[in-house]
>>> print(open('upload.txt').read())   # compact mmCIF, C-alpha atoms
# COMPACT_ATOMS: atom_id res chain seq x y z
CA MET A 2 -88.86 41.93 5.98
CA ASN A 3 -90.71 44.88 4.30
CA GLU A 4 -89.21 47.10 6.95
CA LEU A 5 -85.79 46.53 5.30
CA LYS A 6 -87.01 47.35 1.84
CA ASP A 7 -85.46 50.84 1.97
CA PHE A 8 -82.08 49.29 2.65
CA ASP A 9 -81.92 46.95 -0.37
CA ASN A 10 -79.01 48.87 -1.88
CA VAL A 11 -77.04 48.37 1.35
CA LEU A 12 -77.89 44.69 1.66
CA GLN A 13 -76.62 43.85 -1.83
CA ASP A 14 -73.81 41.34 -2.01
CA PRO A 15 -71.14 42.36 -2.63
CA PHE A 16 -71.60 45.80 -1.06
CA SER A 17 -69.24 48.59 -2.21
CA PRO A 18 -69.05 51.56 0.19
CA VAL A 19 -67.32 53.70 -2.49
CA LYS A 20 -70.02 53.07 -5.06
CA PHE A 21 -72.78 53.68 -2.46
CA ALA A 22 -71.22 57.01 -1.39
CA ASN A 23 -70.79 58.10 -5.02
CA ASP A 24 -74.41 57.25 -5.89
CA LEU A 25 -75.62 59.11 -2.80
CA LEU A 26 -73.66 62.25 -3.71
CA LEU A 27 -74.97 62.15 -7.28
CA MET A 28 -78.54 61.74 -6.10
CA THR A 29 -78.44 64.52 -3.51
CA ASN A 30 -76.79 66.91 -5.98
CA LYS A 31 -79.51 66.26 -8.64
CA GLY A 32 -77.26 64.40 -11.04
CA SER A 33 -77.90 61.19 -12.89
CA SER A 34 -76.13 57.96 -12.04
CA ASN A 35 -74.35 58.18 -15.40
CA ASP A 36 -72.75 61.54 -14.57
CA THR A 37 -69.22 61.52 -13.27
CA SER A 38 -68.09 63.52 -10.26
CA GLU A 39 -66.06 65.71 -12.68
CA GLU A 40 -69.17 66.60 -14.73
CA LEU A 41 -71.08 67.22 -11.54
CA GLN A 42 -68.40 69.57 -10.27
CA ASN A 43 -68.35 71.46 -13.59
CA SER A 44 -72.11 72.02 -13.50
CA ASN A 45 -72.07 73.27 -9.90
CA ASN A 46 -69.16 74.98 -8.32
CA VAL A 47 -70.09 73.60 -4.82
CA ILE A 48 -70.90 69.97 -3.93
CA ASP A 49 -73.63 69.51 -1.30
CA LEU A 50 -72.33 67.10 1.36
CA ASP A 51 -74.71 68.03 4.18
CA THR A 52 -77.74 66.43 2.54
CA SER A 53 -75.91 63.14 2.07
CA ILE A 54 -74.72 63.15 5.69
CA LYS A 55 -78.26 63.88 6.92
CA LYS A 56 -79.54 61.02 4.77
CA ILE A 57 -77.01 58.64 6.32
CA ASN A 58 -77.81 59.79 9.87
CA PHE A 59 -81.52 59.40 9.19
CA ASP A 60 -80.99 55.86 7.98
CA LEU A 61 -78.91 55.07 11.09
CA ASN A 62 -81.67 56.32 13.34
CA GLU A 63 -84.20 54.23 11.43
CA ILE A 64 -82.04 51.14 11.89
CA ASP A 65 -81.72 51.79 15.64
CA LYS A 66 -85.49 52.15 15.91
CA LEU A 67 -86.01 49.00 13.88
CA TYR A 68 -83.56 47.18 16.16
CA GLU A 69 -85.47 48.32 19.26
CA ARG A 70 -88.83 47.22 17.75
CA VAL A 71 -87.42 43.76 16.92
CA LEU A 72 -86.06 43.38 20.47
CA SER A 73 -89.37 44.49 22.02
CA LYS A 74 -91.40 42.19 19.84
CA ASN A 75 -89.17 39.12 20.40
CA SER A 76 -87.96 39.77 23.94
CA ASN A 77 -89.36 36.50 25.35
CA ILE A 78 -87.69 34.46 22.64
CA LEU A 79 -84.35 36.23 23.18
CA ILE A 80 -84.54 35.86 26.96
CA ASN A 81 -85.32 32.16 26.65
CA HIS A 82 -82.44 31.72 24.20
CA ILE A 83 -80.02 33.52 26.52
CA TYR A 84 -81.23 31.41 29.47
CA GLU A 85 -80.88 28.18 27.46
CA SER A 86 -77.38 29.16 26.35
CA LYS A 87 -76.38 29.94 29.94
CA GLN A 88 -77.94 26.68 31.18
CA ASN A 89 -76.20 24.66 28.47
CA SER A 90 -72.88 26.33 29.34
CA GLU A 91 -73.35 25.48 33.02
CA ASN A 92 -74.32 21.88 32.21
CA ILE A 93 -71.27 21.44 30.00
CA SER A 94 -68.99 22.98 32.61
CA ASN A 95 -70.42 20.81 35.41
CA GLY A 96 -70.21 17.68 33.27
CA LEU A 97 -66.63 18.27 32.25
CA LEU A 98 -65.40 19.66 35.56
CA ALA A 99 -64.48 16.26 37.01
CA SER A 100 -62.70 15.25 33.85
CA LEU A 101 -60.92 18.58 33.60
CA ASN A 102 -59.85 18.33 37.23
CA PHE A 103 -58.55 14.79 36.61
CA VAL A 104 -56.68 15.91 33.50
CA GLU A 105 -55.23 18.85 35.41
CA LEU A 106 -54.12 16.62 38.28
CA SER A 107 -52.63 14.13 35.83
CA TYR A 108 -50.76 16.88 34.05
CA GLU A 109 -49.44 18.28 37.35
CA ARG A 110 -48.30 14.83 38.37
CA LEU A 111 -46.69 14.24 34.99
CA ASN A 112 -45.06 17.64 35.13
CA ASN A 113 -43.76 17.22 38.71
CA GLU A 114 -42.82 13.54 38.63
CA VAL A 115 -41.58 13.11 35.04
CA TYR A 116 -40.92 16.24 33.06
CA LYS A 117 -39.22 18.38 35.73
CA PRO A 118 -37.05 15.47 37.02
CA TYR A 119 -36.15 14.64 33.41
CA GLU A 120 -35.05 18.21 32.72
CA LEU A 121 -33.04 18.21 35.94
CA SER A 122 -31.45 14.86 35.09
CA GLN A 123 -30.53 16.17 31.63
CA LYS A 124 -28.77 19.15 33.18
CA LEU A 125 -27.04 16.89 35.70
CA GLN A 126 -26.02 14.47 32.95
CA SER A 127 -24.57 17.31 30.90
CA THR A 128 -22.68 18.57 33.94
CA LEU A 129 -21.41 15.08 34.79
CA ASN A 130 -20.24 14.56 31.20
CA LYS A 131 -18.26 17.79 31.34
CA VAL A 132 -16.81 16.85 34.72
CA HIS A 133 -15.96 13.38 33.40
CA GLN A 134 -14.32 14.81 30.26
CA THR A 135 -12.32 17.23 32.37
CA SER A 136 -11.31 14.45 34.76
CA THR A 137 -10.29 12.18 31.86
CA LEU A 138 -8.34 14.99 30.23
CA LEU A 139 -6.51 15.75 33.48
CA ARG A 140 -5.79 12.06 34.10
CA ASP A 141 -4.44 11.53 30.57
CA SER A 142 -2.41 14.74 30.75
CA LEU A 143 -0.85 13.57 34.02
CA LEU A 144 -0.06 10.22 32.40
CA TYR A 145 1.46 12.01 29.40
CA LEU A 146 3.60 14.25 31.62
CA TYR A 147 4.68 11.27 33.73
CA ILE A 148 5.85 9.37 30.63
CA PHE A 149 7.50 12.53 29.29
CA ASN A 150 9.46 12.98 32.52
CA MET A 151 10.67 9.38 32.30
CA ILE A 152 11.80 9.97 28.71
CA LYS A 153 13.50 13.22 29.65
CA THR A 154 15.34 11.45 32.49
CA LEU A 155 16.53 8.54 30.32
CA THR A 156 17.50 10.52 27.20
CA PRO A 157 20.79 11.95 28.60
CA GLN A 158 21.84 8.40 29.57
CA LEU A 159 21.56 7.43 25.90
CA THR A 160 24.11 10.08 24.96
CA THR A 161 26.43 9.02 27.80
CA ASN A 162 26.30 5.34 26.76
CA SER A 163 26.90 6.31 23.13
CA LYS A 164 30.10 8.18 24.05
CA SER A 165 31.28 5.35 26.31
CA ALA A 166 30.69 2.76 23.59
CA GLY A 167 32.69 4.72 21.04
CA SER A 168 35.75 5.64 23.11
CA SER A 169 38.51 3.07 23.51
CA ILE A 170 42.31 3.32 23.59
CA VAL A 171 44.17 0.04 23.00
CA THR A 172 47.59 -0.41 24.68
CA ASN A 173 48.00 -4.20 24.88
CA ASN A 174 46.08 -7.41 24.30
CA LYS A 175 44.71 -7.64 27.82
CA GLN A 176 43.49 -4.08 27.80
CA LYS A 177 42.13 -4.69 24.31
CA GLU A 178 40.02 -7.57 25.60
CA ASN A 179 38.85 -5.48 28.55
CA GLU A 180 37.96 -2.61 26.27
CA LYS A 181 36.09 -4.98 23.97
CA GLU A 182 34.07 -6.43 26.84
CA GLU A 183 33.37 -2.96 28.15
CA ASN A 184 32.22 -1.78 24.71
CA ASN A 185 30.01 -4.85 24.33
CA SER A 186 28.49 -4.17 27.72
CA ASN A 187 27.92 -0.50 26.87
CA ASN A 188 26.41 -1.41 23.51
CA LYS A 189 24.09 -3.89 25.18
CA ASN A 190 23.02 -1.33 27.80
CA ARG A 191 22.53 1.26 25.08
CA THR A 192 20.35 -1.15 23.09
CA PHE A 193 18.17 -1.91 26.12
CA LEU A 194 17.90 1.82 26.78
CA LEU A 195 16.79 2.38 23.18
CA LEU A 196 14.11 -0.29 23.56
CA LYS A 197 12.87 1.23 26.81
CA LEU A 198 12.73 4.73 25.32
CA SER A 199 10.95 3.47 22.20
CA SER A 200 8.36 1.79 24.43
CA LEU A 201 7.80 5.07 26.29
CA TYR A 202 7.47 7.05 23.06
CA TYR A 203 4.95 4.50 21.79
CA GLN A 204 2.97 4.88 25.02
CA LEU A 205 2.89 8.63 24.37
CA GLN A 206 1.44 7.93 20.91
CA LEU A 207 -1.22 5.67 22.40
CA THR A 208 -2.10 8.26 25.07
CA LEU A 209 -2.53 10.98 22.44
CA GLY A 210 -4.51 8.64 20.21
CA LYS A 211 -6.88 7.71 23.03
CA ASN A 212 -7.66 11.35 23.91
CA ILE A 213 -7.27 13.70 20.93
CA ASN A 214 -8.18 16.67 23.15
CA LEU A 215 -4.80 16.38 24.87
CA ILE A 216 -3.09 18.19 22.02
CA SER A 217 -5.34 21.19 22.68
CA LEU A 218 -3.53 21.77 25.99
CA THR A 219 -0.85 24.41 25.44
CA THR A 220 1.81 22.67 27.54
CA ILE A 221 1.42 19.31 25.80
CA LYS A 222 1.14 20.93 22.38
CA ASN A 223 4.43 22.77 22.91
CA LEU A 224 6.18 19.64 24.20
CA GLN A 225 4.88 17.54 21.32
CA ASN A 226 5.86 20.02 18.61
CA ASP A 227 9.27 20.84 20.04
CA TRP A 228 11.08 18.53 22.44
CA ILE A 229 9.27 15.28 21.64
CA LYS A 230 9.40 15.77 17.87
CA ASN A 231 13.17 16.43 17.80
CA ASN A 232 14.20 13.74 20.27
CA GLN A 233 11.87 11.10 18.84
CA ARG A 234 13.38 11.67 15.40
CA GLN A 235 16.85 11.13 16.89
CA LEU A 236 15.67 7.99 18.71
CA ILE A 237 14.27 6.56 15.46
CA ARG A 238 17.61 7.15 13.73
CA ASN A 239 19.41 5.37 16.57
CA LEU A 240 16.94 2.47 16.45
CA SER A 241 17.36 2.19 12.68
CA ASN A 242 21.16 2.15 12.90
CA THR A 243 21.15 -0.32 15.78
CA LEU A 244 18.79 -2.68 13.94
CA TYR A 245 21.02 -2.53 10.85
CA GLN A 246 24.09 -3.19 13.04
CA HIS A 247 22.50 -6.24 14.71
CA CYS A 248 21.42 -7.62 11.33
CA ASN A 249 25.05 -7.46 10.26
CA TYR A 250 25.99 -9.48 13.34
CA LEU A 251 24.13 -12.40 11.74
CA ASN A 252 26.97 -12.64 9.17
CA HIS A 253 29.62 -13.18 11.83
CA PRO A 254 30.49 -16.87 12.22
CA ILE A 255 31.79 -16.21 15.75
CA GLN A 256 28.30 -15.32 16.94
CA LYS A 257 27.15 -18.65 18.34
CA GLY A 258 25.19 -20.15 21.19
CA GLN A 259 23.73 -17.88 23.81
CA GLN A 260 25.16 -14.72 22.25
CA LEU A 261 23.46 -15.50 18.92
CA ASP A 262 20.13 -16.18 20.68
CA GLU A 263 20.47 -12.86 22.46
CA ILE A 264 21.14 -11.07 19.16
CA ASN A 265 18.10 -12.76 17.58
CA GLN A 266 15.87 -11.60 20.44
CA LEU A 267 17.22 -8.07 20.20
CA ILE A 268 16.59 -8.00 16.43
CA CYS A 269 12.94 -8.98 17.01
CA LYS A 270 12.49 -6.30 19.68
CA LEU A 271 14.33 -3.62 17.71
CA ALA A 272 12.36 -4.39 14.53
CA GLN A 273 9.02 -4.28 16.35
CA SER A 274 9.89 -1.07 18.24
CA LEU A 275 11.08 0.67 15.09
CA TYR A 276 8.00 -0.40 13.11
CA LEU A 277 5.61 0.88 15.82
CA LEU A 278 7.31 4.29 15.87
CA SER A 279 8.05 4.60 12.14
CA PRO A 280 7.10 1.91 9.57
CA LYS A 281 8.96 3.92 6.93
CA ASP A 282 12.27 3.74 8.83
CA PHE A 283 11.73 0.06 9.58
CA ASN A 284 11.44 -0.68 5.85
CA PHE A 285 14.45 1.51 5.17
CA SER A 286 16.63 -0.42 7.68
CA ILE A 287 15.71 -3.83 6.28
CA ASN A 288 16.21 -2.58 2.72
CA LYS A 289 19.56 -1.11 3.67
CA PHE A 290 20.74 -4.44 5.10
CA MET A 291 19.55 -6.39 2.06
CA GLU A 292 21.08 -3.91 -0.40
CA SER A 293 24.37 -4.02 1.50
CA LEU A 294 24.39 -7.81 1.48
CA ILE A 295 23.47 -7.94 -2.22
CA THR A 296 26.21 -5.44 -3.10
CA THR A 297 28.82 -7.31 -1.04
CA ASN A 298 27.96 -10.74 -2.44
CA SER A 299 27.74 -9.55 -6.03
CA GLN A 300 31.16 -7.91 -5.71
CA ILE A 301 32.63 -11.14 -4.32
CA LEU A 302 31.38 -13.00 -7.40
CA ILE A 303 32.27 -10.25 -9.88
CA LYS A 304 35.91 -10.28 -8.72
CA THR A 305 36.20 -13.89 -9.91
CA ILE A 306 35.37 -13.04 -13.52
CA ASN A 307 39.06 -12.50 -14.26
CA ASN A 308 40.00 -15.65 -12.35
CA VAL A 309 37.27 -18.27 -12.70
CA LYS A 310 39.14 -20.77 -10.51
CA GLU A 311 38.37 -18.55 -7.51
CA PHE A 312 34.61 -18.79 -8.20
CA PRO A 313 33.96 -21.92 -6.04
CA SER A 314 35.44 -20.35 -2.89
CA ALA A 315 33.67 -17.06 -3.65
CA LEU A 316 30.28 -18.73 -4.08
CA SER A 317 30.89 -20.66 -0.87
CA ARG A 318 31.40 -17.36 0.98
CA VAL A 319 28.27 -15.92 -0.61
CA THR A 320 26.07 -18.88 0.37
CA THR A 321 27.37 -18.55 3.93
CA ASN A 322 26.49 -14.85 3.95
CA VAL A 323 23.00 -15.59 2.61
CA GLU A 324 22.19 -17.65 5.71
CA SER A 325 21.75 -14.38 7.58
CA LEU A 326 18.75 -13.58 5.34
CA ASN A 327 17.08 -16.87 6.22
CA VAL A 328 17.62 -16.19 9.93
CA LEU A 329 16.27 -12.65 9.52
CA GLN A 330 13.24 -13.96 7.64
CA ASP A 331 12.46 -16.44 10.42
CA LEU A 332 12.81 -13.71 13.03
CA LEU A 333 10.56 -11.25 11.20
CA SER A 334 7.93 -13.95 10.65
CA MET A 335 7.72 -14.48 14.43
CA VAL A 336 6.82 -10.84 15.19
CA THR A 337 3.05 -10.39 14.84
CA ILE A 338 1.83 -6.81 14.31
CA ASP A 339 -1.92 -7.42 14.08
CA SER A 340 -3.36 -10.28 16.13
CA LEU A 341 -6.64 -10.24 14.16
CA THR A 342 -5.15 -10.52 10.67
CA GLN A 343 -1.98 -12.31 11.88
CA LYS A 344 0.07 -9.81 9.88
CA THR A 345 3.80 -10.12 10.61
CA LEU A 346 6.81 -7.89 10.00
CA LEU A 347 7.83 -10.24 7.19
CA SER A 348 4.57 -9.63 5.34
CA ILE A 349 5.10 -5.89 5.78
CA ILE A 350 8.50 -6.23 4.09
CA PHE A 351 7.04 -8.04 1.06
CA ILE A 352 4.20 -5.53 0.74
CA ASN A 353 6.04 -2.25 1.23
CA ASN A 354 9.78 -2.56 0.67
CA ASN A 355 11.67 -1.66 -2.46
CA PHE A 356 12.53 -5.30 -3.30
CA SER A 357 8.95 -6.38 -3.82
CA SER A 358 7.33 -6.04 -7.22
CA PRO A 359 4.15 -7.27 -8.95
CA SER A 360 6.05 -10.36 -10.11
CA HIS A 361 7.13 -11.23 -6.58
CA SER A 362 4.39 -13.08 -4.79
CA SER A 363 4.15 -13.23 -1.02
CA ASN A 364 5.54 -16.79 -1.20
CA HIS A 365 8.98 -15.54 -2.25
CA SER A 366 11.70 -15.58 0.37
CA LEU A 367 14.28 -12.92 1.11
CA GLU A 368 16.94 -15.31 -0.16
CA GLU A 369 15.21 -15.66 -3.54
CA ILE A 370 15.01 -11.89 -3.90
CA HIS A 371 18.70 -11.75 -3.01
CA TRP A 372 19.66 -14.23 -5.74
CA MET A 373 17.53 -12.34 -8.30
CA LYS A 374 19.45 -9.12 -7.64
CA VAL A 375 22.87 -10.80 -7.43
CA SER A 376 22.22 -12.69 -10.65
CA GLN A 377 21.32 -9.46 -12.47
CA LEU A 378 24.47 -7.66 -11.28
CA PHE A 379 26.77 -10.64 -11.97
CA LYS A 380 25.23 -11.19 -15.42
CA LYS A 381 25.75 -7.55 -16.36
CA GLU A 382 29.47 -7.57 -15.49
CA LEU A 383 29.97 -11.04 -17.00
CA GLU A 384 28.51 -9.94 -20.34
CA ILE A 385 30.64 -6.78 -20.38
CA SER A 386 33.83 -8.81 -19.77
CA PHE A 387 32.88 -11.49 -22.31
CA ASN A 388 31.99 -8.97 -25.03
CA ARG A 389 35.39 -7.31 -24.65
CA GLY A 390 36.94 -10.55 -25.83
CA GLY A 391 40.61 -11.14 -25.24
CA PRO A 392 42.04 -13.59 -22.71
CA VAL A 393 39.28 -12.92 -20.17
CA GLY A 394 36.51 -13.73 -22.65
CA LYS A 395 38.27 -16.88 -23.84
CA ASN A 396 38.93 -17.95 -20.25
CA LEU A 397 35.27 -17.51 -19.35
CA LEU A 398 34.12 -19.58 -22.31
CA LYS A 399 36.74 -22.26 -21.58
CA ASN A 400 35.82 -22.54 -17.88
CA LYS A 401 32.05 -22.09 -18.11
CA SER A 402 31.68 -25.68 -16.84
CA ILE A 403 33.39 -24.64 -13.58
CA LEU A 404 30.82 -21.87 -13.13
CA LYS A 405 27.86 -24.16 -13.85
CA ASP A 406 29.14 -27.08 -11.77
CA THR A 407 29.88 -24.79 -8.83
CA MET A 408 26.37 -23.33 -8.98
CA HIS A 409 24.88 -26.83 -9.02
CA GLU A 410 27.07 -27.86 -6.09
CA TYR A 411 26.18 -24.96 -3.81
CA LEU A 412 22.68 -23.96 -4.95
CA GLU A 413 20.92 -27.13 -6.08
CA LEU A 414 19.86 -28.14 -2.58
CA ARG A 415 19.00 -24.64 -1.31
CA ASN A 416 15.63 -24.08 -3.04
CA ASN A 417 13.91 -24.47 -6.38
CA THR A 418 14.68 -21.02 -7.79
CA SER A 419 18.17 -20.02 -6.60
CA LEU A 420 19.97 -22.36 -9.01
CA SER A 421 17.84 -21.50 -12.06
CA THR A 422 18.10 -17.79 -11.23
CA MET A 423 21.91 -17.85 -11.09
CA LEU A 424 22.23 -20.07 -14.17
CA LYS A 425 20.46 -17.34 -16.16
CA SER A 426 23.45 -15.10 -15.51
CA LEU A 427 25.56 -17.50 -17.63
CA SER A 428 23.25 -17.35 -20.65
CA ILE A 429 25.84 -15.50 -22.77
CA LEU A 430 28.29 -18.43 -22.35
CA SER A 431 25.83 -20.99 -23.72
>>> encode(input="upload.txt", output="C-alpha cells")
Amino acid sequence: MNELKDFDNVLQDPFSPVKFANDLLLMTNKGSSNDTSEELQNSNNVIDLDTSIKKINFDLNEIDKLYERVLSKNSNILINHIYESKQNSENISNGLLASLNFVELSYERLNNEVYKPYELSQKLQSTLNKVHQTSTLLRDSLLYLYIFNMIKTLTPQLTTNSKSAGSSIVTNNKQKENEKEENNSNNKNRTFLLLKLSSLYYQLQLTLGKNINLISLTTIKNLQNDWIKNNQRQLIRNLSNTLYQHCNYLNHPIQKGQQLDEINQLICKLAQSLYLLSPKDFNFSINKFMESLITTNSQILIKTINNVKEFPSALSRVTTNVESLNVLQDLLSMVTIDSLTQKTLLSIIFINNNFSSPSHSSNHSLEEIHWMKVSQLFKKELEISFNRGGPVGKNLLKNKSILKDTMHEYLELRNNTSLSTMLKSLSILS
C-alpha cells in the first residue's frame, strides 16, 4: 500500500474537503498552515488557484494510473470473481425458479379465485344493502300513507257523529225515548270510531319507530308535523273525555247486566288506547275522575255537618259511589301493558298519578286513597264548624256517637283502613 502513501491526507477519517482545500491553497501560496486566508490575502494581493488545480488534476491522473495497474495485475482474480458471482446468481435463479413460479401461480389463483371475487361480492353486498334499504323505505312509506288515508277518511265521520250525538229536540215522551236511543247509538258508534282511529294512529307510531328514516321523506315529514300532529291531539282529547265519561257511568245504578259489561269493556279499550297514544293524558283522565268523585263525596258528607242526622244516608250514598273505584281498579288491573314485566295500567296509576306518594305503597287500593282524601276534607270542615262553637258545635259534640256508629256500620266490613282513616276525621270530637 506504499503506492497510496501520497494520499494519506485524503484517506484520513473523517475527511474534510474544506480543510483539505484550505491547506492546499496555503501550501501552494507559500503560507504556513497557521496562517489564515485573510493574512494570506494581505501579504499577496492575488491568490494562486492554478497551482492547486494542477495539483488536484495530477493526483487524479495518478489515481487513474494506479487503478489501471491494480486491474492489470489482478485481472485473473477479478475475472474469476465476476464469473463466480455470475454463476452463483444463475444457480440461485435456477434453484428458486420453480418455487417462484409456484408462488406466482398460487398468488394468481388466490387473486383470481378469492380476492377479486371478494371485492366484487363486497360491492354487490353494498349495492344490495342500498337496494334493500330503499325497498324497505318505500314499503314502509306506502304503509304509512295507506294508514294515513284511512285516518283521513274516518276523521270527518268522527265530527259527524259528534254533532249527531249532541243534537236532540224533545217534544214528547215517545220522541224523548227515541232520541235517547238514537243518542246512545251515536255515542256507541262514536266510541268505536275513536278506538279504531286510535289504533290507526298507534300503527303510525309503530311504523315510524320501526324505520326512523321515514321522517326524512319530505311528504311524510310535512304530514307528521302538520295534519297528523293537530288531529292526533284532538283525538287524544276526545279519548280522554270519553274515558272520563264512561268512568262516570260506573256510578249509575241503572247500568246493569249486558250494558254494564259493555261499558266495562269499553273502559278497558279506551284506557289502553289512550295510554298507548299519551300516557300523560291517560293519567290525567283517571286523576280527573278520582278528584271529581272525591270532591262529590266529600261535599255530600260536609253538608251533613249542620244536620248530623242526615249523615247515615249521606255515608250510604258515598259508599255506593265508591264501588265505581273498585270496579275501575279491577278493570285497570286486567289491562297488561308489558307482557315481560306484567305491568298493568293499575300499576301505572300508582307510580305516576298525582294521588300516589312515598307513603302510599303499591298495595294501596284506589278506594283507600279516596277515603284518605275525603277524610282530610271532611276533617277540615268539621274542625272549622266545631271551633266556631254555637249550636252547630254543640250538636256535633252531642251526636258524635251517630257519626262513629255510622262509620262502623258502613266501613267496618269494607277493608282494614277505610274505617280507621275516617275515624281520624272525628279526632276533634274525642
>>> atom_distance(input="upload.txt", atom1="atom CA of Asn231 of chain A", atom2="atom CA of Thr156 of chain A")
11.9 Å
>>> residues_near_point(input="upload.txt", point="(22.8, 2.0, 27.7)", cutoff="6 Å", atoms="only C-alpha atoms", output="PyMOL selection string")
chain A and resi 159+162+187+190-191+194
>>> residues_around(input="upload.txt", residues="segment 200-210 of chain A", least_positions_apart="3", cutoff="8 Å", atoms="all atoms listed in the file", output="ChimeraX atom specification")
/A:141,144-145,148-149,151-152,196-197,213,215-216,233,274,277-278
>>> atom_distance(input="upload.txt", atom1="atom CA of Asn188 of chain A", atom2="atom CA of Asn239 of chain A")
12.0 Å
>>> closest_residue(input="upload.txt", among="A:Asn81, A:Leu25, A:Leu414, A:Ile429", to="Leu398 of chain A", atoms="all atoms listed in the file")
A:Ile429
>>> atom_distance(input="upload.txt", atom1="atom CA of Tyr276 of chain A", atom2="atom CA of His247 of chain A")
15.7 Å
>>> closest_residue(input="upload.txt", among="A:Leu332, A:Asp227, A:Lys374, A:Ile349", to="Asp262 of chain A", atoms="all atoms listed in the file")
A:Leu332
>>> residues_around(input="upload.txt", residues="Ser241 of chain A", least_positions_apart="6", cutoff="10 Å", atoms="only C-alpha atoms", output="ChimeraX atom specification")
/A:235,271-272,274-276,279,282-287,289
>>> closest_residue(input="upload.txt", among="A:Leu121, A:Ile306, A:Met28, A:Met373", to="Pro392 of chain A", atoms="all atoms listed in the file")
A:Ile306
>>> residues_around(input="upload.txt", residues="Gln266 of chain A", least_positions_apart="4", cutoff="12 Å", atoms="only C-alpha atoms", output="list in words")
Thr192, Phe193, Leu196, Leu244, His247, Cys248, Gln259, Gln260, Leu261, Asp262, Lys270, Leu271, Ala272, Gln273, Val328, Leu329, Asp331, Leu332, Leu333, Met335 and Val336 of chain A
>>> residues_near_point(input="upload.txt", point="(-4.7, 18.3, 34.2)", cutoff="12 Å", atoms="only C-alpha atoms", output="PyMOL selection string")
chain A and resi 134-147+214-215+217-221
>>> residues_around(input="upload.txt", residues="Lys380 of chain A", least_positions_apart="2", cutoff="8 Å", atoms="all atoms listed in the file", output="list of chain:residue names")
A:Ser376, A:Gln377, A:Leu378, A:Glu382, A:Leu383, A:Glu384, A:Lys425, A:Ser426, A:Leu427
>>> residues_around(input="upload.txt", residues="Lys310 of chain A", least_positions_apart="3", cutoff="10 Å", atoms="all atoms listed in the file", output="PyMOL selection string")
chain A and resi 305-307+313-315+400+403-404
>>> write_last_selection(input="upload.txt", atoms="C-alpha atoms", output="PDB file, keeping the file's coordinate frame")
ATOM      1  CA  THR A 305      36.200 -13.890  -9.910  1.00  0.00           C
ATOM      2  CA  ILE A 306      35.370 -13.040 -13.520  1.00  0.00           C
ATOM      3  CA  ASN A 307      39.060 -12.500 -14.260  1.00  0.00           C
ATOM      4  CA  PRO A 313      33.960 -21.920  -6.040  1.00  0.00           C
ATOM      5  CA  SER A 314      35.440 -20.350  -2.890  1.00  0.00           C
ATOM      6  CA  ALA A 315      33.670 -17.060  -3.650  1.00  0.00           C
ATOM      7  CA  ASN A 400      35.820 -22.540 -17.880  1.00  0.00           C
ATOM      8  CA  ILE A 403      33.390 -24.640 -13.580  1.00  0.00           C
ATOM      9  CA  LEU A 404      30.820 -21.870 -13.130  1.00  0.00           C
TER      10      LEU A 404
END
>>> closest_residue(input="upload.txt", among="A:His133, A:Phe379, A:Phe312, A:Asn327", to="Gln300 of chain A", atoms="all atoms listed in the file")
A:Phe379
>>> closest_residue(input="upload.txt", among="A:Leu12, A:Leu397, A:Leu412, A:Leu27", to="Val319 of chain A", atoms="all atoms listed in the file")
A:Leu412
>>> decode(input="upload.txt", residues="segment 400-411 of chain A", atoms="N, CA and C atoms", output="compact mmCIF listing (two decimals), in the first residue's frame")
# COMPACT_ATOMS: atom_id res chain seq x y z
N ASN A 400 -123.89 14.59 69.14
CA ASN A 400 -124.23 13.47 68.25
C ASN A 400 -123.00 12.79 67.66
N LYS A 401 -121.85 12.94 68.32
CA LYS A 401 -120.64 12.31 67.78
C LYS A 401 -120.77 10.78 67.72
N SER A 402 -121.62 10.22 68.61
CA SER A 402 -121.83 8.76 68.58
C SER A 402 -122.50 8.33 67.30
N ILE A 403 -123.40 9.19 66.77
CA ILE A 403 -124.06 8.87 65.49
C ILE A 403 -123.02 8.79 64.38
N LEU A 404 -122.10 9.74 64.37
CA LEU A 404 -121.04 9.74 63.35
C LEU A 404 -120.18 8.49 63.44
N LYS A 405 -119.75 8.16 64.66
CA LYS A 405 -118.88 6.98 64.84
C LYS A 405 -119.61 5.69 64.53
N ASP A 406 -120.83 5.55 65.04
CA ASP A 406 -121.59 4.32 64.80
C ASP A 406 -121.89 4.13 63.32
N THR A 407 -122.19 5.22 62.64
CA THR A 407 -122.47 5.13 61.20
C THR A 407 -121.23 4.69 60.43
N MET A 408 -120.09 5.24 60.81
CA MET A 408 -118.83 4.84 60.15
C MET A 408 -118.54 3.37 60.39
N HIS A 409 -118.77 2.89 61.61
CA HIS A 409 -118.57 1.47 61.89
C HIS A 409 -119.53 0.62 61.07
N GLU A 410 -120.75 1.08 60.95
CA GLU A 410 -121.77 0.30 60.23
C GLU A 410 -121.44 0.15 58.74
N TYR A 411 -120.98 1.22 58.12
CA TYR A 411 -120.80 1.19 56.67
C TYR A 411 -119.36 0.88 56.24
